[in-house]
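Participant: For reference, this is target.cif, and it has mmCIF, C-alpha atoms.
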```
data_final
#
loop_
_atom_site.group_PDB
_atom_site.id
_atom_site.type_symbol
_atom_site.label_atom_id
_atom_site.label_comp_id
_atom_site.auth_asym_id
_atom_site.auth_seq_id
_atom_site.Cartn_x
_atom_site.Cartn_y
_atom_site.Cartn_z
ATOM 1 C CA MET A 249 118.174 123.821 94.231
ATOM 2 C CA PRO A 250 116.796 124.359 90.692
ATOM 3 C CA ASN A 251 113.078 124.246 89.977
ATOM 4 C CA LYS A 252 111.987 120.680 89.506
ATOM 5 C CA TYR A 253 109.200 118.304 88.678
ATOM 6 C CA VAL A 254 108.652 115.301 90.929
ATOM 7 C CA LEU A 255 107.502 112.112 89.216
ATOM 8 C CA TYR A 256 105.354 109.982 91.521
ATOM 9 C CA VAL A 257 105.285 106.367 90.285
ATOM 10 C CA ASP A 258 103.045 103.413 91.031
ATOM 11 C CA ASP A 259 102.620 100.107 89.199
ATOM 12 C CA THR A 260 99.714 97.995 88.005
ATOM 13 C CA GLY A 261 99.539 94.368 86.877
ATOM 14 C CA SER A 262 102.166 91.627 86.798
ATOM 15 C CA ARG A 263 105.675 92.538 85.675
ATOM 16 C CA ASP A 264 106.471 88.891 84.849
ATOM 17 C CA PRO A 265 106.062 88.235 81.084
ATOM 18 C CA ASP A 266 106.077 84.466 81.606
ATOM 19 C CA ARG A 267 103.204 84.312 84.074
ATOM 20 C CA ALA A 268 100.103 82.558 82.749
ATOM 21 C CA VAL A 269 97.638 84.822 80.952
ATOM 22 C CA LEU A 270 94.805 85.925 83.198
ATOM 23 C CA ASP A 271 91.310 84.702 82.364
ATOM 24 C CA GLY A 272 88.028 85.985 83.641
ATOM 25 C CA ARG A 273 89.183 89.377 84.866
ATOM 26 C CA GLN A 274 86.133 91.597 84.792
ATOM 27 C CA ASP A 275 87.868 94.617 83.301
ATOM 28 C CA GLY A 276 89.383 92.544 80.477
ATOM 29 C CA MET A 277 92.925 93.778 81.197
ATOM 30 C CA ASP A 278 96.183 91.831 81.208
ATOM 31 C CA CYS A 279 98.907 94.420 81.310
ATOM 32 C CA PHE A 280 101.807 95.795 83.224
ATOM 33 C CA GLY A 281 102.109 99.517 83.691
ATOM 34 C CA LEU A 282 104.201 102.091 85.481
ATOM 35 C CA GLY A 283 102.995 105.634 85.874
ATOM 36 C CA GLY A 284 101.406 108.303 87.932
ATOM 37 C CA PHE A 285 101.982 112.000 87.544
ATOM 38 C CA LEU A 286 104.474 114.825 87.292
ATOM 39 C CA LEU A 287 104.061 117.569 89.883
ATOM 40 C CA LYS A 288 105.862 120.877 90.178
ATOM 41 C CA GLU A 289 107.659 121.032 93.498
ATOM 42 C CA GLU A 290 105.891 124.257 94.470
ATOM 43 C CA ASP A 291 102.460 122.598 93.962
ATOM 44 C CA ILE A 292 103.096 119.838 96.520
ATOM 45 C CA PRO A 293 101.713 121.754 99.551
ATOM 46 C CA SER A 294 98.431 122.654 97.827
ATOM 47 C CA LEU A 295 97.969 119.080 96.628
ATOM 48 C CA LYS A 296 98.523 117.733 100.135
ATOM 49 C CA THR A 297 95.916 120.189 101.418
ATOM 50 C CA ALA A 298 93.380 119.129 98.773
ATOM 51 C CA HIS A 299 93.980 115.460 99.594
ATOM 52 C CA GLU A 300 93.593 116.082 103.324
ATOM 53 C CA ARG A 301 90.421 118.102 102.813
ATOM 54 C CA PHE A 302 88.875 115.347 100.700
ATOM 55 C CA CYS A 303 89.771 112.574 103.160
ATOM 56 C CA ASN A 304 88.507 114.571 106.127
ATOM 57 C CA SER A 305 85.192 115.196 104.409
ATOM 58 C CA TRP A 306 84.688 111.416 104.225
ATOM 59 C CA ASN A 307 86.237 110.596 107.613
ATOM 60 C CA ILE A 308 88.993 108.613 105.896
ATOM 61 C CA ASN A 309 92.200 108.168 107.887
ATOM 62 C CA TYR A 310 93.709 105.441 105.695
ATOM 63 C CA PRO A 311 95.236 105.499 102.183
ATOM 64 C CA LEU A 312 93.099 105.888 99.089
ATOM 65 C CA HIS A 313 93.686 102.650 97.198
ATOM 66 C CA SER A 314 92.428 102.296 93.635
ATOM 67 C CA SER A 315 91.702 98.556 93.542
ATOM 68 C CA SER A 316 89.953 98.607 96.928
ATOM 69 C CA ILE A 317 87.822 101.550 95.863
ATOM 70 C CA ARG A 318 86.904 99.987 92.518
ATOM 71 C CA GLY A 319 86.190 96.623 94.167
ATOM 72 C CA LYS A 320 84.362 98.216 97.135
ATOM 73 C CA ARG A 321 86.227 95.934 99.495
ATOM 74 C CA GLY A 322 88.377 96.100 102.614
ATOM 75 C CA ARG A 323 88.314 99.523 104.205
ATOM 76 C CA PHE A 324 86.172 100.726 101.312
ATOM 77 C CA SER A 325 83.456 98.082 101.688
ATOM 78 C CA TRP A 326 81.129 100.887 102.832
ATOM 79 C CA LEU A 327 80.979 101.916 99.162
ATOM 80 C CA ARG A 328 78.570 99.033 98.578
ATOM 81 C CA SER A 329 75.926 101.544 99.497
ATOM 82 C CA MET A 330 75.116 102.825 96.011
ATOM 83 C CA GLU A 331 74.078 106.314 97.116
ATOM 84 C CA ARG A 332 77.294 106.843 99.084
ATOM 85 C CA ALA A 333 79.384 105.286 96.307
ATOM 86 C CA ASP A 334 78.020 107.587 93.621
ATOM 87 C CA GLN A 335 78.699 110.695 95.688
ATOM 88 C CA PHE A 336 82.143 109.525 96.781
ATOM 89 C CA LEU A 337 83.257 108.591 93.273
ATOM 90 C CA SER A 338 81.959 111.865 91.889
ATOM 91 C CA GLU A 339 83.893 113.881 94.462
ATOM 92 C CA LEU A 340 87.000 111.728 93.999
ATOM 93 C CA GLU A 341 86.905 112.275 90.258
ATOM 94 C CA HIS A 342 86.563 116.020 90.834
ATOM 95 C CA LEU A 343 89.696 115.867 92.995
ATOM 96 C CA LEU A 344 91.656 114.043 90.282
ATOM 97 C CA VAL A 345 90.652 116.291 87.390
ATOM 98 C CA SER A 346 91.467 119.392 89.445
ATOM 99 C CA LEU A 347 95.001 118.269 90.329
ATOM 100 C CA PRO A 348 97.856 120.523 89.241
ATOM 101 C CA GLY A 349 99.853 117.469 88.115
ATOM 102 C CA ILE A 350 100.302 115.880 84.683
ATOM 103 C CA ALA A 351 99.392 112.197 84.351
ATOM 104 C CA ILE A 352 101.866 110.002 82.458
ATOM 105 C CA ALA A 353 102.357 106.243 82.086
ATOM 106 C CA CYS A 354 103.786 103.387 80.068
ATOM 107 C CA VAL A 355 101.343 100.495 79.731
ATOM 108 C CA ILE A 356 102.317 97.181 78.126
ATOM 109 C CA HIS A 357 99.802 94.573 76.966
ATOM 110 C CA ARG A 358 101.414 91.471 78.422
ATOM 111 C CA PRO A 359 100.280 88.778 75.923
ATOM 112 C CA GLY A 360 101.227 91.067 73.033
ATOM 113 C CA TYR A 361 104.640 91.688 74.570
ATOM 114 C CA VAL A 362 105.367 87.984 74.954
ATOM 115 C CA SER A 363 104.115 87.236 71.423
ATOM 116 C CA ARG A 364 106.252 89.979 69.882
ATOM 117 C CA TYR A 365 109.544 89.352 71.668
ATOM 118 C CA ARG A 366 109.719 85.678 72.634
ATOM 119 C CA GLU A 367 110.965 84.552 69.209
ATOM 120 C CA MET A 368 113.093 87.675 68.672
ATOM 121 C CA TYR A 369 114.952 87.233 71.974
ATOM 122 C CA PRO A 370 114.753 83.542 72.900
ATOM 123 C CA GLY A 371 115.916 82.994 76.458
ATOM 124 C CA GLN A 372 116.596 86.708 76.895
ATOM 125 C CA LEU A 373 113.102 88.170 77.173
ATOM 126 C CA TRP A 374 113.316 91.489 79.007
ATOM 127 C CA PHE A 375 111.142 91.891 81.996
ATOM 128 C CA MET A 376 108.441 94.369 81.114
ATOM 129 C CA CYS A 377 109.331 96.400 84.165
ATOM 130 C CA LYS A 378 112.627 97.525 82.626
ATOM 131 C CA THR A 379 110.922 98.463 79.386
ATOM 132 C CA ALA A 380 108.136 100.387 81.113
ATOM 133 C CA PHE A 381 110.508 102.135 83.520
ATOM 134 C CA SER A 382 112.918 103.246 80.806
ATOM 135 C CA ILE A 383 110.133 104.685 78.649
ATOM 136 C CA LEU A 384 108.365 106.392 81.550
ATOM 137 C CA VAL A 385 111.514 107.989 82.925
ATOM 138 C CA GLU A 386 112.833 109.114 79.567
ATOM 139 C CA ARG A 387 109.563 110.786 78.561
ATOM 140 C CA SER A 388 109.246 112.418 81.972
ATOM 141 C CA ALA A 389 112.839 113.652 81.746
ATOM 142 C CA LYS A 390 112.300 115.078 78.270
ATOM 143 C CA PHE A 391 109.161 116.894 79.399
ATOM 144 C CA SER A 392 110.823 118.285 82.524
ATOM 145 C CA ASP A 393 113.863 119.433 80.571
ATOM 146 C CA GLY A 394 111.633 121.101 77.993
ATOM 147 C CA GLN A 395 110.052 123.082 80.820
ATOM 148 C CA GLY A 396 113.460 124.147 82.121
ATOM 149 C CA ARG A 397 113.213 121.924 85.200
ATOM 150 C CA LYS A 398 115.104 119.053 86.761
ATOM 151 C CA LEU A 399 113.378 115.775 87.628
ATOM 152 C CA GLU A 400 113.138 113.887 90.903
ATOM 153 C CA ILE A 401 111.540 110.424 91.071
ATOM 154 C CA VAL A 402 109.531 108.961 93.963
ATOM 155 C CA PHE A 403 108.103 105.448 93.785
ATOM 156 C CA GLU A 404 106.055 103.185 96.013
ATOM 157 C CA GLY A 405 107.996 100.219 97.303
ATOM 158 C CA THR A 406 106.475 96.828 96.472
ATOM 159 C CA GLY A 407 109.155 94.262 97.328
ATOM 160 C CA LYS A 408 112.904 94.035 97.937
ATOM 161 C CA LYS A 409 113.713 92.548 94.529
ATOM 162 C CA GLU A 410 111.355 94.817 92.604
ATOM 163 C CA ASP A 411 112.534 97.945 94.420
ATOM 164 C CA ARG A 412 116.184 97.006 93.906
ATOM 165 C CA ASN A 413 115.560 96.493 90.181
ATOM 166 C CA LEU A 414 114.020 99.939 89.735
ATOM 167 C CA LYS A 415 116.964 101.598 91.432
ATOM 168 C CA HIS A 416 119.329 99.606 89.212
ATOM 169 C CA TYR A 417 117.438 100.612 86.052
ATOM 170 C CA LEU A 418 117.928 104.305 86.840
ATOM 171 C CA LYS A 419 121.634 103.774 87.444
ATOM 172 C CA GLU A 420 121.841 102.058 84.051
ATOM 173 C CA LEU A 421 120.124 104.990 82.343
ATOM 174 C CA LYS A 422 122.586 107.410 83.921
ATOM 175 C CA ARG A 423 125.519 105.188 83.003
ATOM 176 C CA ASN A 424 124.534 103.999 79.514
ATOM 177 C CA GLY A 425 121.634 106.151 78.315
ATOM 178 C CA SER A 426 118.463 104.851 76.717
ATOM 179 C CA PRO A 427 118.543 101.080 76.104
ATOM 180 C CA PHE A 428 116.411 101.256 72.949
ATOM 181 C CA SER A 429 117.758 101.084 69.409
ATOM 182 C CA THR A 430 117.132 104.204 67.322
ATOM 183 C CA GLN A 431 117.184 101.988 64.221
ATOM 184 C CA THR A 432 113.883 100.425 65.251
ATOM 185 C CA SER A 433 112.341 103.625 66.639
ATOM 186 C CA HIS A 434 111.708 105.952 63.721
ATOM 187 C CA GLY A 435 111.492 109.621 64.645
ATOM 188 C CA TYR A 436 112.657 108.862 68.169
ATOM 189 C CA THR A 437 115.513 110.861 69.692
ATOM 190 C CA PRO A 438 116.780 108.998 72.768
ATOM 191 C CA LEU A 439 118.453 110.678 75.699
ATOM 192 C CA VAL A 440 122.091 109.803 76.277
ATOM 193 C CA ALA A 441 123.685 109.115 79.636
ATOM 194 C CA ASP A 442 124.803 112.731 80.056
ATOM 195 C CA ASP A 443 121.195 113.854 79.574
ATOM 196 C CA PHE A 444 119.886 111.550 82.282
ATOM 197 C CA ARG A 445 122.626 112.632 84.679
ATOM 198 C CA ARG A 446 121.973 116.298 83.925
ATOM 199 C CA ILE A 447 118.163 116.176 84.235
ATOM 200 C CA ILE A 448 117.489 113.617 86.967
ATOM 201 C CA LEU A 449 118.398 114.553 90.510
ATOM 202 C CA GLY A 450 120.047 111.847 92.600
ATOM 203 C CA GLU A 451 118.656 108.337 92.979
ATOM 204 C CA LEU A 452 115.100 107.007 93.287
ATOM 205 C CA HIS A 453 113.253 107.868 96.485
ATOM 206 C CA GLN A 454 111.310 104.919 97.898
ATOM 207 C CA LYS A 455 108.168 105.751 99.893
ATOM 208 C CA THR A 456 104.968 104.045 101.066
ATOM 209 C CA LYS A 457 101.282 104.484 100.240
ATOM 210 C CA GLU A 458 101.019 106.815 103.226
ATOM 211 C CA VAL A 459 102.375 109.565 100.962
ATOM 212 C CA PRO A 460 99.316 111.351 99.494
ATOM 213 C CA MET A 461 100.951 111.848 96.098
ATOM 214 C CA LEU A 462 101.523 108.107 95.701
ATOM 215 C CA GLN A 463 97.870 107.456 96.511
ATOM 216 C CA LEU A 464 96.922 109.859 93.744
ATOM 217 C CA ALA A 465 99.456 108.248 91.388
ATOM 218 C CA ASP A 466 97.692 104.930 92.012
ATOM 219 C CA LEU A 467 94.303 106.474 91.265
ATOM 220 C CA LEU A 468 95.548 108.120 88.063
ATOM 221 C CA LEU A 469 97.378 105.081 86.719
ATOM 222 C CA TYR A 470 94.349 102.801 86.449
ATOM 223 C CA PRO A 471 92.369 105.020 84.010
ATOM 224 C CA MET A 472 95.459 105.338 81.818
ATOM 225 C CA ALA A 473 95.957 101.563 81.813
ATOM 226 C CA LYS A 474 92.266 100.902 81.184
ATOM 227 C CA ALA A 475 92.316 103.272 78.211
ATOM 228 C CA GLY A 476 94.694 100.884 76.460
ATOM 229 C CA TYR A 477 91.740 98.503 76.188
ATOM 230 C CA GLU A 478 88.905 101.027 76.181
ATOM 231 C CA PRO A 479 89.919 104.497 74.928
ATOM 232 C CA SER A 480 86.420 105.806 75.702
ATOM 233 C CA TYR A 481 86.679 104.832 79.392
ATOM 234 C CA GLY A 482 84.878 107.638 81.225
ATOM 235 C CA PRO A 483 87.448 108.583 83.913
ATOM 236 C CA PHE A 484 90.207 108.651 81.289
ATOM 237 C CA VAL A 485 88.164 110.826 78.947
ATOM 238 C CA ARG A 486 87.400 113.291 81.722
ATOM 239 C CA LEU A 487 91.087 113.511 82.676
ATOM 240 C CA LYS A 488 91.821 114.300 79.048
ATOM 241 C CA GLU A 489 89.057 116.901 78.848
ATOM 242 C CA ALA A 490 90.478 118.571 81.961
ATOM 243 C CA GLY A 491 93.949 118.739 80.397
ATOM 244 C CA ARG A 492 95.461 116.456 83.028
ATOM 245 C CA LEU A 493 97.180 114.039 80.613
ATOM 246 C CA ILE A 494 100.651 114.609 79.195
ATOM 247 C CA ASP A 495 99.104 113.960 75.767
ATOM 248 C CA CYS A 496 97.311 117.309 76.111
ATOM 249 C CA TYR A 497 100.688 119.072 75.764
ATOM 250 C CA PHE A 498 101.530 117.592 72.370
ATOM 251 C CA THR A 499 100.093 117.145 68.914
ATOM 252 C CA ALA A 500 98.725 113.733 67.957
ATOM 253 C CA GLU A 501 101.923 113.055 65.998
ATOM 254 C CA GLU A 502 104.163 114.073 68.904
ATOM 255 C CA CYS A 503 102.229 111.894 71.359
ATOM 256 C CA SER A 504 103.608 108.740 69.773
ATOM 257 C CA SER A 505 107.061 109.566 71.134
ATOM 258 C CA ARG A 506 106.279 112.013 73.971
ATOM 259 C CA GLY A 507 102.887 111.087 75.446
ATOM 260 C CA ILE A 508 101.416 108.116 77.295
ATOM 261 C CA LYS A 509 102.951 104.956 75.832
ATOM 262 C CA TYR A 510 100.784 101.961 74.947
ATOM 263 C CA SER A 511 103.012 99.095 73.918
ATOM 264 C CA CYS A 512 102.132 95.792 72.233
ATOM 265 C CA PHE A 513 98.439 96.611 71.893
ATOM 266 C CA GLU A 514 96.905 95.808 68.527
ATOM 267 C CA ARG A 515 95.912 99.438 68.089
ATOM 268 C CA SER A 516 99.574 100.428 68.616
#
```
Show me, as structure tokens, the structure contained in the file I just sent.

Facilitator:
Amino acid sequence: MPNKYVLYVDDTGSRDPDRAVLDGRQDGMDCFGLGGFLLKEEDIPSLKTAHERFCNSWNINYPLHSSSIRGKRGRFSWLRSMERADQFLSELEHLLVSLPGIAIACVIHRPGYVSRYREMYPGQLWFMCKTAFSILVERSAKFSDGQGRKLEIVFEGTGKKEDRNLKHYLKELKRNGSPFSTQTSHGYTPLVADDFRRIILGELHQKTKEVPMLQLADLLLYPMAKAGYEPSYGPFVRLKEAGRLIDCYFTAEECSSRGIKYSCFERS
């Protein structure tokens, strides 16, 4: 088999554009995002070892889950002890910034998406999931190809319909190429169907949160999503400083078409 990157994908937020806008969420976010990180196949064993070492040091025998950790609830309710929480979060952040992987995501501001496209496509509003998936996969494929590697994709299953849709979206990319119009995407060179078939190995691989890399994808996705609303968000900034973001591989100009994608935000 050729050298490859593996893209580990998790999701955040509601993928339904027609769901009522959330009010009162403490972090001020109302988005849908898909993302995680790209990992060289040969780095998987060392990452598993680092994950196991971290969990063992805290006597954790259950998945690391971002929302539970941030909310200090469920199996992570013990984090309500401030002293333990500070130490745990510090060591967890050290784990994330020392990862060999490259964090990447597509994050869509849901109210902005609905406002922009409802009148343009009445009755045919794309689900944000298809948009986010197509952008994430295409940018990951371009990066992998530029490094002389193939791409394999692993995602966390969330539901029969949602999982089936993701698998269908990849088949569409391999059959039809990028779904986006180049006429409305200046400076953007989309991949064609042959490119997707050449770069991406096989079909999507569906796994559970028991896979360490999907736990880490979950933990990496939230800071990227949060940065859409707060670019100075500490965990995001420290990932950037450590060179863990795909944006670190491109110039500011290139990032608009190759880096983390923030769609339908005012600052976009």

Participant: Which residue out of A:Lys252, A:Arg263, A:Arg423, A:His453 has the minimum interatomic distance to Cys377 in chain A when only C-alpha atoms are used?

Facilitator: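 Comparing A:Lys252, A:Arg263, A:Arg423, A:His453 against Cys377 in chain A, the winner is A:Arg263.
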
Participant: Show me as a ChimeraX atom specification the residues that reach within 8 Å of (102.3, 93.8, 85.9), counting all atoms listed in the file and using the file's own coordinates.

Facilitator: /A:259-264,278-281,358,376-377

Participant: Counting all atoms listed in the file, which residue out of A:His416, A:Lys409, A:Arg323, A:Asp275 sits closest to Glu451 in chain A?

Facilitator: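 Of A:His416, A:Lys409, A:Arg323, A:Asp275, the one nearest Glu451 in chain A is A:His416, counting all atoms listed in the file.
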
Participant: On this file, the PyMOL selection byres ((chain A and resi 508-511) around 7) gives some set of residues; write that set as an mmCIF file with C-alpha atoms, keeping the file's coordinate frame.

Facilitator:
```cif
data_model
loop_
_atom_site.group_PDB
_atom_site.id
_atom_site.type_symbol
_atom_site.label_atom_id
_atom_site.label_comp_id
_atom_site.auth_asym_id
_atom_site.auth_seq_id
_atom_site.Cartn_x
_atom_site.Cartn_y
_atom_site.Cartn_z
ATOM 1 C CA ILE A 352 101.866 110.002 82.458
ATOM 2 C CA ALA A 353 102.357 106.243 82.086
ATOM 3 C CA CYS A 354 103.786 103.387 80.068
ATOM 4 C CA VAL A 355 101.343 100.495 79.731
ATOM 5 C CA ILE A 356 102.317 97.181 78.126
ATOM 6 C CA HIS A 357 99.802 94.573 76.966
ATOM 7 C CA GLY A 476 94.694 100.884 76.460
ATOM 8 C CA ILE A 494 100.651 114.609 79.195
ATOM 9 C CA ASP A 495 99.104 113.960 75.767
ATOM 10 C CA GLY A 507 102.887 111.087 75.446
ATOM 11 C CA CYS A 512 102.132 95.792 72.233
ATOM 12 C CA PHE A 513 98.439 96.611 71.893
ATOM 13 C CA SER A 516 99.574 100.428 68.616
#
```

Participant: Using all atoms listed in the file, which of A:Ser480, A:Gln454, A:Thr499, A:Ser314 sits nearest Glu410 in chain A?

Facilitator: A:Gln454

Participant: What lies within 9 Å of Val459 in chain A using all atoms listed in the file, ignoring chain neighbours under 3 positions off, as JSON, numbers by chain?

Facilitator: {"A": [311, 404, 455, 456, 462, 463]}

Participant: Would you output that residue set with C-alpha atoms, as a PDB file, keeping the file's coordinate frame?

Facilitator:
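Below is the file that was written, again06.pdb:
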```
ATOM      1  CA  PRO A 311      95.236 105.499 102.183  1.00  0.00           C
ATOM      2  CA  GLU A 404     106.055 103.185  96.013  1.00  0.00           C
ATOM      3  CA  LYS A 455     108.168 105.751  99.893  1.00  0.00           C
ATOM      4  CA  THR A 456     104.968 104.045 101.066  1.00  0.00           C
ATOM      5  CA  LEU A 462     101.523 108.107  95.701  1.00  0.00           C
ATOM      6  CA  GLN A 463      97.870 107.456  96.511  1.00  0.00           C
TER       7      GLN A 463
END
```

Participant: Using all atoms listed in the file, pick whichever of A:Ala475, A:Leu255, A:Leu414, A:Leu384 has the shortest atom-to-atom distance to Ser505 in chain A.

Facilitator: A:Leu384

Participant: Identify all residues satisfying the PyMOL selection byres ((chain A and resi 284-293) around 9) in the given file; provide them as a VMD selection string.

Facilitator: chain A and resid 251 to 259 282 to 283 294 to 298 348 to 353 388 392 397 399 461 to 462 464 to 469 493 to 494

Participant: Distance CA of Ala490 in chain A-CA of Val385 in chain A, one decimal place?

Facilitator: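 Taking CA of Ala490 in chain A as the start and CA of Val385 in chain A as the end point, the length is 23.6 Å.
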
Participant: For a test of reading the model, state the distance in Å between CA of Lys408 in chain A and CA of Gly450 in chain A, rounded to one decimal.

Facilitator: 19.9 Å

Participant: When distances are computed from all atoms listed in the file, which of A:Ser426, A:Asn413, A:Ser329, A:Ser504 shows the smallest separation from Leu452 in chain A?

Facilitator: A:Asn413

Participant: Do you know which residues the PyMOL selection byres ((chain A and resi 343) around 10) returns on this file, as a ChimeraX atom specification?

Facilitator: /A:295,298-299,302,337-342,344-347,464

Participant: Which residue, A:Tyr417, A:Phe324, A:Phe381, A:Phe444, has the smallest gap to Trp306 in chain A when you use all atoms listed in the file?

Facilitator: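 Among the listed residues, the smallest separation from Trp306 in chain A belongs to A:Phe324.
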
Participant: Record the distance separating CA of Lys415 in chain A and CA of Pro460 in chain A, expressed in Å with one decimal.

Facilitator: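 CA of Pro460 in chain A lies at a distance of 21.7 Å from CA of Lys415 in chain A.
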